[in-house]
Amino acid sequence: KKPVECPLDKNELGSNTWSFLHTMAAYYPDKPTTQQQQDMHSFINIFAKFYPCDYCAEHLREDLKTNVPDTTSRHNLSQWFCHTHNRVNLLLGKPQFDCSKVDERWKDGWKDGSCD
Ligand code: FAD
């Protein structure tokens, strides 16, 4: 096991970043203003330019060409990030996440109370 407080490797960076992205989507407004929707589009596109894993960022930029972010509501943005993450999971041979459970995982906690 590595000592604490080392620079992140690609997987640690990935898992911490997904935590941030899914949590950000979980708290995005239900009814965002036009400005908020535009800002979220800009955020995602700029994020994809600077994400500090070159080939991950390259994959994301390719993905964004055909999968335009849906920033029209909290639900739609959360689903969009979930499906985007699932495409990376597919690429890496990881299991698909059930996107109907995204709020339990990232906002409300599991229905069995295991996060309480
Ligand atoms: P992660 O995939 O990091 O997931 C963390 C947690 O999120 C999981 O434990 C699960 O509870 C939850 N989760 C899983 N899937 C979903 C979902 N679909 N929706 C909601 N929650 C979910 N790695 C590469 O090798 N090549 C790449 O091209 C690449 N591209 C990436 C692009 C981006 C934008 C990001 C943020 C990361 C990328 N990564 C890439 C890293 C990769 O996605 C993983 O983060 C890394 O492999 C560590 O995986 P993990 O098993 O810890 O779980």
# chains A, B, ... in the order shown; residues from 1 in each chain; ligands from 1

call {"tool": "closest_atom_pairs", "arguments": {"of": "segment 45-116 of chain A", "to": "segment 3-23 of chain A", "cutoff": "10 Å", "atoms": "only C-alpha atoms", "output": "CSV"}}
result
residue,atom,partner,partner_atom,distance
A:Tyr51,CA,A:Thr17,CA,9.3
A:Pro52,CA,A:Leu13,CA,8.6
A:Cys53,CA,A:Lys10,CA,6.9
A:Cys56,CA,A:Gly14,CA,9.1
A:Leu77,CA,A:His22,CA,9.0
A:Ser78,CA,A:His22,CA,6.6
A:Gln79,CA,A:His22,CA,9.3
A:Trp80,CA,A:His22,CA,9.8
A:Phe81,CA,A:His22,CA,6.6
A:Cys82,CA,A:His22,CA,7.6
A:His85,CA,A:Trp18,CA,7.9
A:Val102,CA,A:His22,CA,8.2
A:Asp103,CA,A:His22,CA,9.1
A:Arg105,CA,A:His22,CA,9.1
A:Trp106,CA,A:Thr23,CA,5.7
A:Lys107,CA,A:Thr23,CA,6.9

call {"tool": "select_by_dssp", "arguments": {"residues": "chain A", "states": "helix (DSSP H, G or I)", "output": "PyMOL selection string"}}
result
chain A and resi 10-26+34-50+54-66+74-91+99-108

call {"tool": "atom_distance", "arguments": {"atom1": "atom CA of Arg87 of chain A", "atom2": "atom CA of Tyr28 of chain A"}}
result
21.9 Å

call {"tool": "residues_around", "arguments": {"residues": "Asn67 of chain A", "least_positions_apart": "4", "cutoff": "10 Å", "atoms": "only C-alpha atoms", "output": "list in words"}}
result
Leu60, Arg61, Glu62, Asp63, Trp80, His83 and Thr84 of chain A

call {"tool": "atom_distance", "arguments": {"atom1": "atom 20 (C, counted along the ligand's line) of ligand 1", "atom2": "atom CA of Pro95 of chain A"}}
result
11.2 Å

call {"tool": "closest_residue", "arguments": {"among": "A:Asp54, A:Asp39, A:Asp98, A:Glu104", "to": "Pro69 of chain A", "atoms": "only C-alpha atoms"}}
result
A:Asp39

call {"tool": "atom_distance", "arguments": {"atom1": "atom 24 (C, counted along the ligand's line) of ligand 1", "atom2": "atom CA of Asn86 of chain A"}}
result
12.1 Å
